[in-house]
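The structure file final.cif is reproduced below (mmCIF, C-alpha atoms and all ligand atoms).
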data_protein
loop_
_atom_site.label_atom_id
_atom_site.label_comp_id
_atom_site.auth_asym_id
_atom_site.auth_seq_id
_atom_site.Cartn_x
_atom_site.Cartn_y
_atom_site.Cartn_z
CA MET S 1 -22.61 -42.14 10.70
CA LYS S 2 -26.24 -41.16 10.24
CA GLU S 3 -26.80 -37.76 8.82
CA ASP S 4 -29.55 -36.20 6.75
CA ILE S 5 -27.41 -33.60 5.11
CA LEU S 6 -23.76 -34.03 4.18
CA ILE S 7 -21.83 -30.88 3.34
CA ILE S 8 -18.34 -30.79 1.90
CA GLY S 9 -16.55 -27.59 2.88
CA ALA S 10 -17.06 -25.15 5.77
CA GLY S 11 -16.82 -21.88 3.85
CA ILE S 12 -19.66 -19.47 3.11
CA SER S 13 -21.73 -21.90 1.04
CA GLY S 14 -21.25 -24.88 3.31
CA ALA S 15 -21.83 -22.99 6.56
CA THR S 16 -24.96 -21.28 5.20
CA LEU S 17 -26.51 -24.56 4.09
CA ALA S 18 -25.53 -26.23 7.36
CA GLU S 19 -27.12 -23.45 9.41
CA ARG S 20 -30.31 -23.40 7.31
CA TYR S 21 -30.78 -27.18 7.38
CA ALA S 22 -30.05 -27.36 11.11
CA SER S 23 -32.67 -24.68 11.66
CA ILE S 24 -35.38 -26.92 10.18
CA GLY S 25 -34.36 -29.87 12.33
CA LYS S 26 -32.08 -31.79 9.97
CA LYS S 27 -28.95 -33.53 11.21
CA VAL S 28 -25.99 -32.05 9.36
CA VAL S 29 -22.42 -33.26 8.99
CA VAL S 30 -19.84 -30.86 7.54
CA LEU S 31 -16.57 -32.36 6.30
CA GLU S 32 -13.73 -29.89 6.02
CA LYS S 33 -10.38 -30.79 4.49
CA ARG S 34 -8.50 -28.02 6.27
CA GLY S 35 -7.86 -27.72 9.99
CA HIS S 36 -10.27 -24.83 10.43
CA ILE S 37 -13.73 -23.59 9.46
CA ALA S 38 -14.57 -20.41 7.52
CA GLY S 39 -12.95 -21.42 4.22
CA ASN S 40 -11.00 -18.60 2.68
CA CYS S 41 -12.61 -16.10 5.07
CA TYR S 42 -10.60 -17.60 7.93
CA ASP S 43 -8.89 -15.01 10.12
CA GLU S 44 -6.93 -15.14 13.34
CA TYR S 45 -4.83 -12.93 15.63
CA ASP S 46 -1.16 -12.97 14.70
CA GLU S 47 1.95 -12.61 16.86
CA ASN S 48 1.50 -8.84 16.93
CA GLY S 49 -2.10 -9.20 18.17
CA ILE S 50 -3.45 -8.07 14.82
CA LEU S 51 -6.45 -9.76 13.25
CA VAL S 52 -5.23 -11.01 9.89
CA SER S 53 -6.94 -13.02 7.17
CA LYS S 54 -5.05 -16.12 6.19
CA TYR S 55 -6.27 -16.10 2.60
CA GLY S 56 -6.44 -12.44 1.66
CA ALA S 57 -8.58 -9.51 2.70
CA HIS S 58 -12.34 -10.11 2.65
CA LEU S 59 -14.51 -7.04 2.35
CA PHE S 60 -18.19 -7.60 2.82
CA HIS S 61 -20.40 -5.38 0.68
CA THR S 62 -23.89 -5.89 -0.65
CA ASN S 63 -27.06 -4.32 -1.96
CA ASP S 64 -28.95 -7.47 -1.03
CA ALA S 65 -31.06 -6.63 2.02
CA GLY S 66 -31.84 -10.32 2.62
CA VAL S 67 -28.18 -11.29 2.79
CA TRP S 68 -27.43 -8.31 5.00
CA GLU S 69 -30.23 -9.34 7.38
CA TYR S 70 -28.92 -12.90 7.38
CA VAL S 71 -25.27 -12.14 8.18
CA GLN S 72 -26.20 -9.80 10.98
CA ARG S 73 -27.56 -12.77 12.92
CA PHE S 74 -24.05 -14.09 13.43
CA ALA S 75 -22.03 -11.02 14.41
CA GLU S 76 -22.11 -7.41 15.22
CA TRP S 77 -20.91 -5.61 12.09
CA TYR S 78 -19.29 -2.20 12.03
CA PRO S 79 -19.41 0.07 9.00
CA TRP S 80 -16.27 -0.18 6.86
CA GLU S 81 -15.98 1.49 3.49
CA HIS S 82 -13.01 -0.09 1.81
CA LYS S 83 -10.54 2.07 -0.09
CA VAL S 84 -7.71 0.96 -2.37
CA ILE S 85 -4.84 3.07 -3.58
CA ALA S 86 -2.32 2.24 -6.25
CA ARG S 87 1.32 3.18 -6.74
CA VAL S 88 1.70 4.20 -10.37
CA ASP S 89 4.69 6.04 -11.87
CA ASN S 90 5.93 6.81 -8.33
CA LYS S 91 2.61 8.49 -7.58
CA THR S 92 -0.21 7.33 -5.35
CA VAL S 93 -3.69 7.34 -6.83
CA PRO S 94 -7.17 6.11 -5.92
CA ILE S 95 -8.62 3.05 -7.61
CA PRO S 96 -11.34 2.83 -9.07
CA VAL S 97 -10.25 5.59 -11.40
CA ASN S 98 -11.85 8.88 -10.34
CA ILE S 99 -11.16 12.61 -10.84
CA ASP S 100 -8.18 12.48 -8.46
CA THR S 101 -6.62 9.53 -10.30
CA VAL S 102 -6.61 11.48 -13.55
CA ASN S 103 -5.48 14.77 -11.97
CA ILE S 104 -2.56 13.14 -10.16
CA LEU S 105 -1.36 10.96 -13.03
CA PHE S 106 -1.73 13.47 -15.84
CA GLY S 107 -1.41 16.83 -14.08
CA GLU S 108 -4.97 17.75 -15.03
CA ASN S 109 -7.16 20.11 -13.09
CA ILE S 110 -10.54 18.45 -13.43
CA SER S 111 -13.11 19.47 -10.85
CA THR S 112 -16.56 18.61 -12.20
CA GLU S 113 -18.32 15.51 -13.47
CA ASP S 114 -18.71 17.11 -16.89
CA GLU S 115 -14.98 17.76 -17.14
CA MET S 116 -14.25 14.17 -16.09
CA LYS S 117 -16.69 12.81 -18.67
CA ALA S 118 -15.08 15.03 -21.32
CA TRP S 119 -11.61 13.74 -20.38
CA LEU S 120 -12.81 10.15 -20.59
CA ASP S 121 -14.59 10.78 -23.89
CA LYS S 122 -11.35 12.09 -25.31
CA ASN S 123 -9.46 9.02 -24.11
CA ARG S 124 -11.80 6.04 -24.19
CA ILE S 125 -12.42 3.75 -27.14
CA PRO S 126 -16.10 2.93 -27.07
CA PHE S 127 -17.26 -0.67 -27.43
CA ASP S 128 -20.97 -1.36 -27.48
CA LYS S 129 -20.59 -4.79 -25.98
CA PRO S 130 -17.02 -5.38 -24.79
CA LYS S 131 -16.06 -8.94 -25.71
CA ASN S 132 -13.16 -9.27 -23.30
CA GLY S 133 -11.37 -7.52 -20.45
CA GLU S 134 -9.26 -5.33 -22.70
CA GLU S 135 -12.28 -3.96 -24.55
CA ALA S 136 -14.03 -3.43 -21.21
CA VAL S 137 -11.19 -1.22 -19.95
CA MET S 138 -10.77 0.59 -23.28
CA ASN S 139 -14.47 1.31 -23.21
CA ARG S 140 -14.32 2.75 -19.70
CA VAL S 141 -11.02 4.60 -19.51
CA GLY S 142 -9.01 4.13 -22.72
CA PRO S 143 -5.47 2.97 -23.57
CA VAL S 144 -3.35 5.23 -21.35
CA LEU S 145 -4.94 4.12 -18.11
CA TYR S 146 -5.21 0.58 -19.48
CA GLU S 147 -1.45 0.40 -19.79
CA LYS S 148 -0.72 2.03 -16.44
CA MET S 149 -3.32 0.40 -14.22
CA PHE S 150 -4.89 -2.71 -15.74
CA LYS S 151 -2.75 -4.53 -18.29
CA HIS S 152 0.15 -5.65 -16.13
CA TYR S 153 -1.81 -6.05 -12.89
CA THR S 154 -4.08 -8.44 -14.76
CA LYS S 155 -1.15 -10.35 -16.21
CA LYS S 156 0.33 -10.71 -12.71
CA GLN S 157 -3.03 -11.73 -11.23
CA TRP S 158 -4.18 -14.20 -13.88
CA ASP S 159 -1.08 -14.93 -15.95
CA LYS S 160 -3.27 -13.74 -18.79
CA TYR S 161 -3.74 -10.37 -20.43
CA PRO S 162 -7.18 -8.76 -20.17
CA GLU S 163 -8.01 -9.76 -23.75
CA GLU S 164 -7.79 -13.40 -22.65
CA LEU S 165 -10.42 -12.93 -19.93
CA ASN S 166 -14.14 -12.26 -19.91
CA ALA S 167 -15.13 -8.59 -19.80
CA SER S 168 -16.86 -9.24 -16.45
CA VAL S 169 -13.49 -9.66 -14.66
CA LEU S 170 -12.34 -6.15 -15.48
CA GLU S 171 -15.85 -4.74 -15.17
CA ARG S 172 -15.67 -5.45 -11.45
CA ILE S 173 -13.83 -2.14 -11.24
CA PRO S 174 -16.03 0.83 -12.16
CA VAL S 175 -14.96 4.31 -13.19
CA ARG S 176 -16.09 7.31 -11.19
CA TYR S 177 -16.92 10.79 -12.49
CA ASN S 178 -16.44 12.33 -9.05
CA HIS S 179 -14.02 12.16 -6.11
CA ASP S 180 -15.59 9.05 -4.55
CA GLY S 181 -12.57 6.99 -3.45
CA ARG S 182 -14.50 3.98 -2.13
CA TYR S 183 -13.79 0.64 -3.74
CA PHE S 184 -17.46 -0.37 -3.60
CA SER S 185 -20.61 1.66 -3.80
CA ASP S 186 -23.03 -0.85 -2.23
CA THR S 187 -25.56 0.20 0.39
CA TYR S 188 -24.20 -2.12 3.06
CA GLN S 189 -20.45 -2.22 3.62
CA ALA S 190 -19.24 -3.65 6.91
CA LEU S 191 -16.84 -5.93 8.74
CA PRO S 192 -17.68 -8.31 11.59
CA LYS S 193 -16.42 -7.26 15.04
CA GLY S 194 -13.87 -9.85 16.13
CA GLY S 195 -13.43 -11.26 12.64
CA TYR S 196 -15.03 -13.66 10.20
CA THR S 197 -14.03 -16.89 11.91
CA LYS S 198 -16.39 -16.02 14.76
CA VAL S 199 -19.22 -15.51 12.28
CA PHE S 200 -18.71 -19.07 11.06
CA GLU S 201 -18.43 -20.41 14.62
CA ASN S 202 -21.79 -18.85 15.35
CA MET S 203 -23.33 -20.20 12.16
CA LEU S 204 -22.11 -23.73 12.87
CA ASN S 205 -22.77 -23.70 16.61
CA HIS S 206 -25.94 -25.79 16.64
CA PRO S 207 -26.69 -29.15 18.26
CA ASN S 208 -27.74 -30.54 14.86
CA ILE S 209 -24.39 -29.71 13.23
CA THR S 210 -21.24 -31.83 13.45
CA VAL S 211 -18.10 -30.41 11.87
CA MET S 212 -15.22 -32.75 11.10
CA LEU S 213 -11.99 -30.89 10.40
CA ASN S 214 -8.94 -32.33 8.63
CA THR S 215 -11.29 -34.65 6.81
CA ASP S 216 -11.02 -34.95 3.07
CA TYR S 217 -14.35 -36.21 1.77
CA PHE S 218 -12.63 -38.28 -0.89
CA ASP S 219 -10.75 -40.24 1.79
CA VAL S 220 -13.85 -41.09 3.78
CA LYS S 221 -16.74 -41.01 1.37
CA ASP S 222 -17.55 -44.71 1.80
CA GLN S 223 -18.45 -44.01 5.41
CA PHE S 224 -21.01 -41.41 4.39
CA GLU S 225 -23.54 -42.86 2.06
CA GLY S 226 -26.90 -42.69 3.79
CA PHE S 227 -27.49 -38.99 3.25
CA GLU S 228 -30.66 -37.41 2.01
CA LYS S 229 -28.74 -34.64 0.26
CA LEU S 230 -25.08 -33.89 -0.39
CA PHE S 231 -23.76 -30.38 -0.95
CA TYR S 232 -20.31 -30.18 -2.46
CA THR S 233 -18.50 -26.83 -2.33
CA GLY S 234 -15.04 -27.83 -3.58
CA PRO S 235 -13.67 -27.54 -7.12
CA ILE S 236 -16.12 -29.28 -9.45
CA ASP S 237 -13.40 -31.02 -11.46
CA ARG S 238 -11.91 -32.55 -8.32
CA PHE S 239 -15.26 -34.21 -7.61
CA PHE S 240 -15.29 -35.93 -10.99
CA GLU S 241 -11.60 -36.79 -10.84
CA PHE S 242 -12.55 -39.14 -8.03
CA GLN S 243 -15.28 -40.67 -10.17
CA ASP S 244 -12.48 -41.76 -12.52
CA GLU S 245 -13.72 -39.41 -15.18
CA MET S 246 -11.06 -38.37 -17.67
CA MET S 247 -12.01 -34.81 -18.38
CA GLU S 248 -10.09 -31.65 -19.08
CA LYS S 249 -9.05 -29.77 -15.96
CA LEU S 250 -10.33 -26.31 -15.16
CA GLU S 251 -7.87 -23.52 -14.42
CA TYR S 252 -7.72 -21.88 -11.00
CA ARG S 253 -5.52 -19.17 -9.57
CA SER S 254 -3.98 -19.48 -6.17
CA ILE S 255 -2.09 -16.89 -4.14
CA ASN S 256 1.23 -17.13 -2.45
CA PHE S 257 0.85 -14.92 0.63
CA VAL S 258 4.21 -13.67 1.89
CA THR S 259 3.94 -12.21 5.37
CA GLU S 260 6.40 -9.84 7.02
CA HIS S 261 6.20 -8.84 10.69
CA LEU S 262 7.70 -5.40 11.06
CA ASP S 263 8.95 -3.60 14.12
CA GLN S 264 7.33 -0.32 13.17
CA GLU S 265 3.89 1.12 13.73
CA PHE S 266 2.81 1.38 10.11
CA PHE S 267 4.18 0.32 6.75
CA GLN S 268 1.74 2.07 4.43
CA GLU S 269 -1.08 4.60 4.69
CA ASN S 270 -3.91 2.31 3.64
CA SER S 271 -5.10 -1.29 4.16
CA VAL S 272 -4.54 -2.22 0.52
CA VAL S 273 -1.99 -0.76 -1.87
CA ASN S 274 -2.04 -2.10 -5.43
CA TYR S 275 1.06 -2.29 -7.62
CA PRO S 276 -0.29 -2.35 -11.16
CA GLY S 277 3.13 -1.98 -12.80
CA GLN S 278 5.84 -4.41 -13.86
CA GLU S 279 8.42 -3.11 -11.36
CA VAL S 280 7.40 -5.68 -8.73
CA ASP S 281 6.00 -9.22 -9.07
CA TYR S 282 3.33 -8.94 -6.40
CA THR S 283 -0.10 -7.49 -7.15
CA ARG S 284 -0.76 -5.78 -3.83
CA ILE S 285 0.34 -5.32 -0.24
CA ILE S 286 -2.19 -5.67 2.55
CA GLU S 287 -1.55 -4.12 5.96
CA TYR S 288 -4.23 -5.70 8.11
CA LYS S 289 -4.08 -3.40 11.11
CA HIS S 290 -5.87 -0.70 9.11
CA PHE S 291 -9.05 -2.81 9.07
CA GLY S 292 -11.01 -1.68 12.10
CA ASN S 293 -8.19 0.72 13.02
CA GLN S 294 -6.37 -1.85 15.14
CA GLN S 295 -3.73 -0.55 17.55
CA SER S 296 -0.30 -2.11 17.95
CA PRO S 297 3.26 -0.79 18.15
CA LYS S 298 4.15 -3.29 15.40
CA THR S 299 2.61 -4.24 12.12
CA SER S 300 2.26 -7.15 9.71
CA ILE S 301 2.07 -6.88 5.97
CA VAL S 302 1.27 -9.46 3.34
CA LYS S 303 2.45 -9.38 -0.25
CA GLU S 304 0.26 -11.28 -2.70
CA TYR S 305 1.83 -13.21 -5.56
CA THR S 306 -0.66 -15.17 -7.61
CA VAL S 307 0.33 -18.60 -8.84
CA ASP S 308 -1.10 -21.51 -10.89
CA THR S 309 -0.86 -24.20 -8.26
CA GLY S 310 -1.87 -24.47 -4.63
CA GLU S 311 -5.15 -23.98 -2.82
CA PRO S 312 -7.60 -22.75 -5.51
CA TYR S 313 -9.02 -19.28 -4.81
CA TYR S 314 -10.19 -17.94 -8.12
CA PRO S 315 -11.88 -19.54 -11.10
CA VAL S 316 -10.42 -18.09 -14.31
CA PRO S 317 -13.39 -16.65 -16.21
CA ASN S 318 -12.92 -17.00 -19.95
CA GLU S 319 -14.64 -18.84 -22.77
CA ARG S 320 -12.46 -21.89 -22.77
CA ASN S 321 -12.91 -22.57 -19.06
CA GLN S 322 -16.63 -21.86 -19.36
CA GLN S 323 -16.90 -24.56 -22.05
CA ILE S 324 -15.01 -27.06 -19.91
CA TYR S 325 -17.16 -26.16 -16.92
CA GLU S 326 -20.36 -26.73 -18.93
CA LYS S 327 -19.25 -30.33 -19.51
CA TYR S 328 -18.79 -30.84 -15.78
CA LYS S 329 -22.11 -29.18 -15.10
CA GLU S 330 -23.89 -31.60 -17.44
CA LYS S 331 -22.50 -34.46 -15.38
CA ALA S 332 -23.31 -32.72 -12.14
CA ASP S 333 -26.93 -32.17 -13.17
CA LEU S 334 -27.40 -35.89 -13.71
CA LEU S 335 -26.58 -36.75 -10.10
CA GLN S 336 -29.46 -37.34 -7.75
CA ASN S 337 -29.48 -35.46 -4.44
CA VAL S 338 -26.01 -34.03 -5.02
CA TYR S 339 -25.70 -30.27 -5.35
CA PHE S 340 -22.73 -28.17 -6.37
CA VAL S 341 -22.62 -24.82 -4.66
CA GLY S 342 -20.23 -21.89 -4.28
CA ARG S 343 -17.33 -20.24 -6.08
CA LEU S 344 -15.36 -23.38 -6.81
CA ALA S 345 -18.22 -25.81 -7.45
CA ASN S 346 -20.10 -23.38 -9.70
CA TYR S 347 -16.86 -22.04 -11.15
CA LYS S 348 -18.10 -18.47 -10.69
CA TYR S 349 -16.20 -15.44 -9.42
CA PHE S 350 -18.73 -14.83 -6.63
CA ASN S 351 -18.33 -12.00 -4.17
CA MET S 352 -19.05 -12.92 -0.56
CA ASP S 353 -22.65 -11.71 -0.68
CA GLN S 354 -23.30 -13.63 -3.90
CA ALA S 355 -22.03 -16.79 -2.23
CA PHE S 356 -24.45 -16.27 0.69
CA ARG S 357 -27.27 -15.48 -1.74
CA ASN S 358 -26.59 -18.54 -3.86
CA ALA S 359 -26.66 -20.88 -0.86
CA LEU S 360 -29.79 -19.25 0.61
CA ASP S 361 -31.61 -19.46 -2.72
CA LEU S 362 -30.65 -23.09 -3.16
CA PHE S 363 -31.96 -23.92 0.29
CA ASN S 364 -35.18 -21.98 -0.24
CA SER S 365 -35.86 -23.60 -3.59
CA LEU S 366 -35.05 -27.17 -2.49
CA GLU S 367 -37.07 -26.90 0.67
CA ALA S 368 -39.87 -24.66 -0.62
CA SER S 369 -42.53 -27.26 0.06
CA ASN S 370 -41.24 -28.00 3.58
CA LEU S 371 -40.83 -24.45 4.76
CA LYS S 372 -43.40 -22.63 6.77
CA PRO S 373 -43.81 -19.01 5.64
CA HIS S 374 -41.69 -17.68 8.49
CA ASP S 375 -38.80 -20.09 7.68
CA LYS S 376 -38.50 -18.81 4.16
CA SER S 377 -36.79 -15.58 4.95
CA PHE S 378 -33.75 -13.71 3.70
CA VAL S 379 -35.23 -13.53 0.22
N1 LIG U 401 -7.49 -4.91 -11.69
C1 LIG U 401 -6.45 -4.24 -12.29
N2 LIG U 401 -5.75 -3.29 -11.58
C2 LIG U 401 -6.04 -3.01 -10.29
C3 LIG U 401 -7.10 -3.69 -9.67
C4 LIG U 401 -7.80 -4.65 -10.39
O1 LIG U 401 -6.14 -4.50 -13.46
O2 LIG U 401 -5.36 -2.16 -9.69
C5 LIG U 401 -8.23 -5.93 -12.49
C6 LIG U 401 -7.55 -7.30 -12.38
O3 LIG U 401 -7.74 -8.01 -13.57
C7 LIG U 401 -8.33 -7.92 -11.25
C8 LIG U 401 -9.74 -7.44 -11.57
O4 LIG U 401 -9.55 -6.10 -12.01
O5 LIG U 401 -8.22 -9.30 -11.22
C9 LIG U 401 -10.71 -7.49 -10.42
O6 LIG U 401 -10.17 -6.81 -9.29
P1 LIG U 401 -10.68 -7.07 -7.79
O7 LIG U 401 -10.06 -6.06 -6.92
O8 LIG U 401 -12.17 -7.16 -7.82
O9 LIG U 401 -10.05 -8.50 -7.51
P2 LIG U 401 -10.05 -9.36 -6.14
O10 LIG U 401 -10.07 -8.41 -4.99
O11 LIG U 401 -11.25 -10.28 -6.22
O12 LIG U 401 -8.75 -10.11 -6.23
#
As structure tokens, please, write out the structure in this file.
Ligand code: UDP
Amino acid sequence: MKEDILIIGAGISGATLAERYASIGKKVVVLEKRGHIAGNCYDEYDENGILVSKYGAHLFHTNDAGVWEYVQRFAEWYPWEHKVIARVDNKTVPIPVNIDTVNILFGENISTEDEMKAWLDKNRIPFDKPKNGEEAVMNRVGPVLYEKMFKHYTKKQWDKYPEELNASVLERIPVRYNHDGRYFSDTYQALPKGGYTKVFENMLNHPNITVMLNTDYFDVKDQFEGFEKLFYTGPIDRFFEFQDEMMEKLEYRSINFVTEHLDQEFFQENSVVNYPGQEVDYTRIIEYKHFGNQQSPKTSIVKEYTVDTGEPYYPVPNERNQQIYEKYKEKADLLQNVYFVGRLANYKYFNMDQAFRNALDLFNSLEASNLKPHDKSFV
């Protein structure tokens, strides 16, 4: 087959590069191992007519105006400010920790930012530069909330305690001095009408793009050798495994999604309910019909159990994995016209917008000399 651009994986990174290259007239082939596009953003309507995500809830949020402009080309987006609540000690509290979290859990009567700051000052253990996830949480909220809301959730999620992870993992969750119960505080927070899969269909719907599903690159790579550039979005260590390189494997976390279809209108009061304690093995329960306020006499819920093996969803950010990754990256950098892009290939815990940004930046930098001023947008 004759293609200019070969892309492995039809998730955010792959679809963005495919769309950008097609837009400047290149012939693009996308090889996708799974039977569908959209990577882990894939969603579909289930037997109760509810739009559910096959690989966990995906909440788009960004402060990046260029990414926001870009994604709006492929769907109509409606505003959606995600909220998460947690069941702790038989109580229900907002997460991130805010005034209400503290009042409910500890019977306090805090009402102002100053009182909240004073409560935190009394409880937190300051660290100038937290070296790991435990220090990050101690620095923000202190040991009591660490034990109740972060320690065991993290162990369930990563099979590691926060001290075994980079601070950045736990720093994803801020602390609020007010009543703001939103999970994110970004300027743009929205979901695509009709779901994410349609966004990807629109991105890939171009005469210059051919998508081949159920096609594992490593089974067919001999047939695809005439490319100008190859973009690989899978796990970086898998790429080198097939080059017969004996190198240490990187760790990934996968999720076992256990779905229940229930003959009742609602199961819980919110889309996502976290279970940070040890009383259950799952980390959270998602009830998809809350997203976009979908109507149905029935409901579907998904319990998330994270596991070591299976489809990789998360890199595991800590020093050891970073060192292993650096070795792969050295090898990757030596390859001509082969680029590693996205969460799994860069081994970075990207949010959705960061994955779009990364792919757009890569395209803009590689093609800088070929782009006319109006092509180089979304920056
Ligand atoms: N976390 C926690 N308790 C919670 C929610 C999150 O300890 O109730 C920690 C946990 O280590 C988790 C990390 O914060 O992996 C990041 O959470 P986030 O919700 O960003 O994870 P994601 O939605 O990407 O799985």
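Computed from the coordinates, the atom CA of S:Val71 to atom CA of S:Lys54 distance equals 20.7 Å.
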Item checked: Separation of atom CA of S:Val29 from atom CA of S:Glu76, in Å and rounded to one decimal ->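 Taking atom CA of S:Val29 as the start and atom CA of S:Glu76 as the end point, the length is 26.6 Å.
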Check: What is the atom CA of S:Phe378 to atom CA of S:Tyr70 distance in Å?
Finding: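 Computing the Euclidean distance for atom CA of S:Phe378 and atom CA of S:Tyr70 yields 6.1 Å.
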Where does chain S meet ligand LIG 401 (chain U) within 8 Å, residue by residue, with the nearest atom pair and distance in Å to one decimal for each, counting only C-alpha atoms and all ligand atoms, listed by chain and rising number, as a Markdown table?
| residue | atom | partner | partner_atom | distance |
| --- | --- | --- | --- | --- |
| S:Ala57 | CA | U:LIG401 | O10 | 7.9 |
| S:Ala86 | CA | U:LIG401 | O2 | 6.4 |
| S:Ile95 | CA | U:LIG401 | O2 | 6.5 |
| S:Pro96 | CA | U:LIG401 | C3 | 7.8 |
| S:Gly133 | CA | U:LIG401 | O3 | 7.8 |
| S:Tyr146 | CA | U:LIG401 | O1 | 7.9 |
| S:Met149 | CA | U:LIG401 | N2 | 5.1 |
| S:Phe150 | CA | U:LIG401 | O1 | 3.2 |
| S:Lys151 | CA | U:LIG401 | O1 | 5.9 |
| S:His152 | CA | U:LIG401 | O1 | 6.9 |
| S:Tyr153 | CA | U:LIG401 | O1 | 4.6 |
| S:Thr154 | CA | U:LIG401 | O3 | 3.9 |
| S:Lys155 | CA | U:LIG401 | O3 | 7.5 |
| S:Gln157 | CA | U:LIG401 | O5 | 5.7 |
| S:Trp158 | CA | U:LIG401 | O5 | 6.9 |
| S:Pro162 | CA | U:LIG401 | O3 | 6.7 |
| S:Val169 | CA | U:LIG401 | C8 | 5.3 |
| S:Leu170 | CA | U:LIG401 | O4 | 4.5 |
| S:Glu171 | CA | U:LIG401 | O4 | 7.2 |
| S:Arg172 | CA | U:LIG401 | O8 | 5.3 |
| S:Ile173 | CA | U:LIG401 | O4 | 5.9 |
| S:Asn274 | CA | U:LIG401 | O2 | 5.4 |
| S:Tyr275 | CA | U:LIG401 | O2 | 6.7 |
| S:Pro276 | CA | U:LIG401 | O2 | 5.3 |
| S:Thr283 | CA | U:LIG401 | O2 | 7.9 |
| S:Tyr314 | CA | U:LIG401 | O11 | 8.0 |
| S:Tyr349 | CA | U:LIG401 | O11 | 7.8 |
| S:Asn351 | CA | U:LIG401 | O11 | 7.6 |
Near-S:Phe231 list (12 Å; all atoms listed in the file; drop same-chain fewer than 3 positions) as a compact mmCIF listing (two decimals) with C-alpha atoms, in the frame of the given file:
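And here is the file that came out, part.txt:
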# COMPACT_ATOMS: atom_id res chain seq x y z
CA ASP S 4 -29.55 -36.20 6.75
CA ILE S 5 -27.41 -33.60 5.11
CA LEU S 6 -23.76 -34.03 4.18
CA ILE S 7 -21.83 -30.88 3.34
CA ILE S 8 -18.34 -30.79 1.90
CA GLY S 9 -16.55 -27.59 2.88
CA ALA S 10 -17.06 -25.15 5.77
CA GLY S 11 -16.82 -21.88 3.85
CA SER S 13 -21.73 -21.90 1.04
CA GLY S 14 -21.25 -24.88 3.31
CA ALA S 15 -21.83 -22.99 6.56
CA THR S 16 -24.96 -21.28 5.20
CA LEU S 17 -26.51 -24.56 4.09
CA ALA S 18 -25.53 -26.23 7.36
CA TYR S 21 -30.78 -27.18 7.38
CA VAL S 28 -25.99 -32.05 9.36
CA VAL S 29 -22.42 -33.26 8.99
CA VAL S 30 -19.84 -30.86 7.54
CA LEU S 31 -16.57 -32.36 6.30
CA TYR S 217 -14.35 -36.21 1.77
CA PHE S 227 -27.49 -38.99 3.25
CA GLU S 228 -30.66 -37.41 2.01
CA GLY S 234 -15.04 -27.83 -3.58
CA ILE S 236 -16.12 -29.28 -9.45
CA PHE S 239 -15.26 -34.21 -7.61
CA ALA S 332 -23.31 -32.72 -12.14
CA LEU S 335 -26.58 -36.75 -10.10
CA GLN S 336 -29.46 -37.34 -7.75
CA ASN S 337 -29.48 -35.46 -4.44
CA VAL S 338 -26.01 -34.03 -5.02
CA TYR S 339 -25.70 -30.27 -5.35
CA PHE S 340 -22.73 -28.17 -6.37
CA VAL S 341 -22.62 -24.82 -4.66
CA GLY S 342 -20.23 -21.89 -4.28
CA ALA S 345 -18.22 -25.81 -7.45
CA ASN S 346 -20.10 -23.38 -9.70
CA ALA S 359 -26.66 -20.88 -0.86
CA LEU S 362 -30.65 -23.09 -3.16
CA PHE S 363 -31.96 -23.92 0.29
CA LEU S 366 -35.05 -27.17 -2.49
Check: Pick the closest to S:Pro192 from S:Ala22, S:Ala75, S:Ile50, S:Ala38: which is it, counting all atoms listed in the file?
Finding: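 The shortest atom-to-atom distance to S:Pro192 comes from S:Ala75.
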Next item on the list: May I ask which of the residues S:Gly194, S:Lys303, S:Ser365, S:Ala355 is the closest one to S:Val67, counting only C-alpha atoms?
Entry: S:Ala355
Item checked: Residue among S:Phe106, S:Tyr328, S:Trp80, S:Phe224 lying closest to S:Met246, counting all atoms listed in the file -> S:Tyr328
Check: Which residues, written as an MDAnalysis selection string, have at least one atom at most 12 Å from stretch 107-112 of chain S, with only C-alpha atoms counted and residues fewer than 5 positions away on the same chain left out?
Finding: chainID S and resid 91 98:102 117:120 176:179
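Remark: for S:Leu250, the closest of the candidate residues S:Tyr183, S:Tyr305, S:Tyr325, S:Phe218 is S:Tyr325 (distances computed over all atoms listed in the file).
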Checklist line | Among listed residues S:Thr215, S:Asn202, S:Thr233, S:Asn166, nearest S:Glu319 (using all atoms listed in the file) | finding: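 Ranked by minimum distance to S:Glu319, first place goes to S:Asn166.
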Next item on the list: Go ahead and find all residues with at least one atom no further than 12 Å from (-14.0, -2.2, -20.1) in the file's coordinates, using all atoms listed in the file; report them as a PyMOL selection string.
Entry: chain S and resi 124-143+145-146+150-151+162-163+165-175
Check: Which is closer to S:Leu59 than all the others in S:His290, S:Lys148, S:Lys122, S:His82, using all atoms listed in the file?
Finding: S:His82
Residue contacts of S:Met203 (9 Å, all atoms listed in the file) excluding same-chain residues fewer than 3 positions away, as a PDB file with C-alpha atoms, in the coordinates of the input:
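Output saved as out-v3.pdb:
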ATOM      1  CA  ALA S  15     -21.830 -22.990   6.560  1.00  0.00           C
ATOM      2  CA  THR S  16     -24.960 -21.280   5.200  1.00  0.00           C
ATOM      3  CA  ALA S  18     -25.530 -26.230   7.360  1.00  0.00           C
ATOM      4  CA  GLU S  19     -27.120 -23.450   9.410  1.00  0.00           C
ATOM      5  CA  ARG S  73     -27.560 -12.770  12.920  1.00  0.00           C
ATOM      6  CA  PHE S  74     -24.050 -14.090  13.430  1.00  0.00           C
ATOM      7  CA  LYS S 198     -16.390 -16.020  14.760  1.00  0.00           C
ATOM      8  CA  VAL S 199     -19.220 -15.510  12.280  1.00  0.00           C
ATOM      9  CA  PHE S 200     -18.710 -19.070  11.060  1.00  0.00           C
ATOM     10  CA  HIS S 206     -25.940 -25.790  16.640  1.00  0.00           C
TER      11      HIS S 206
END
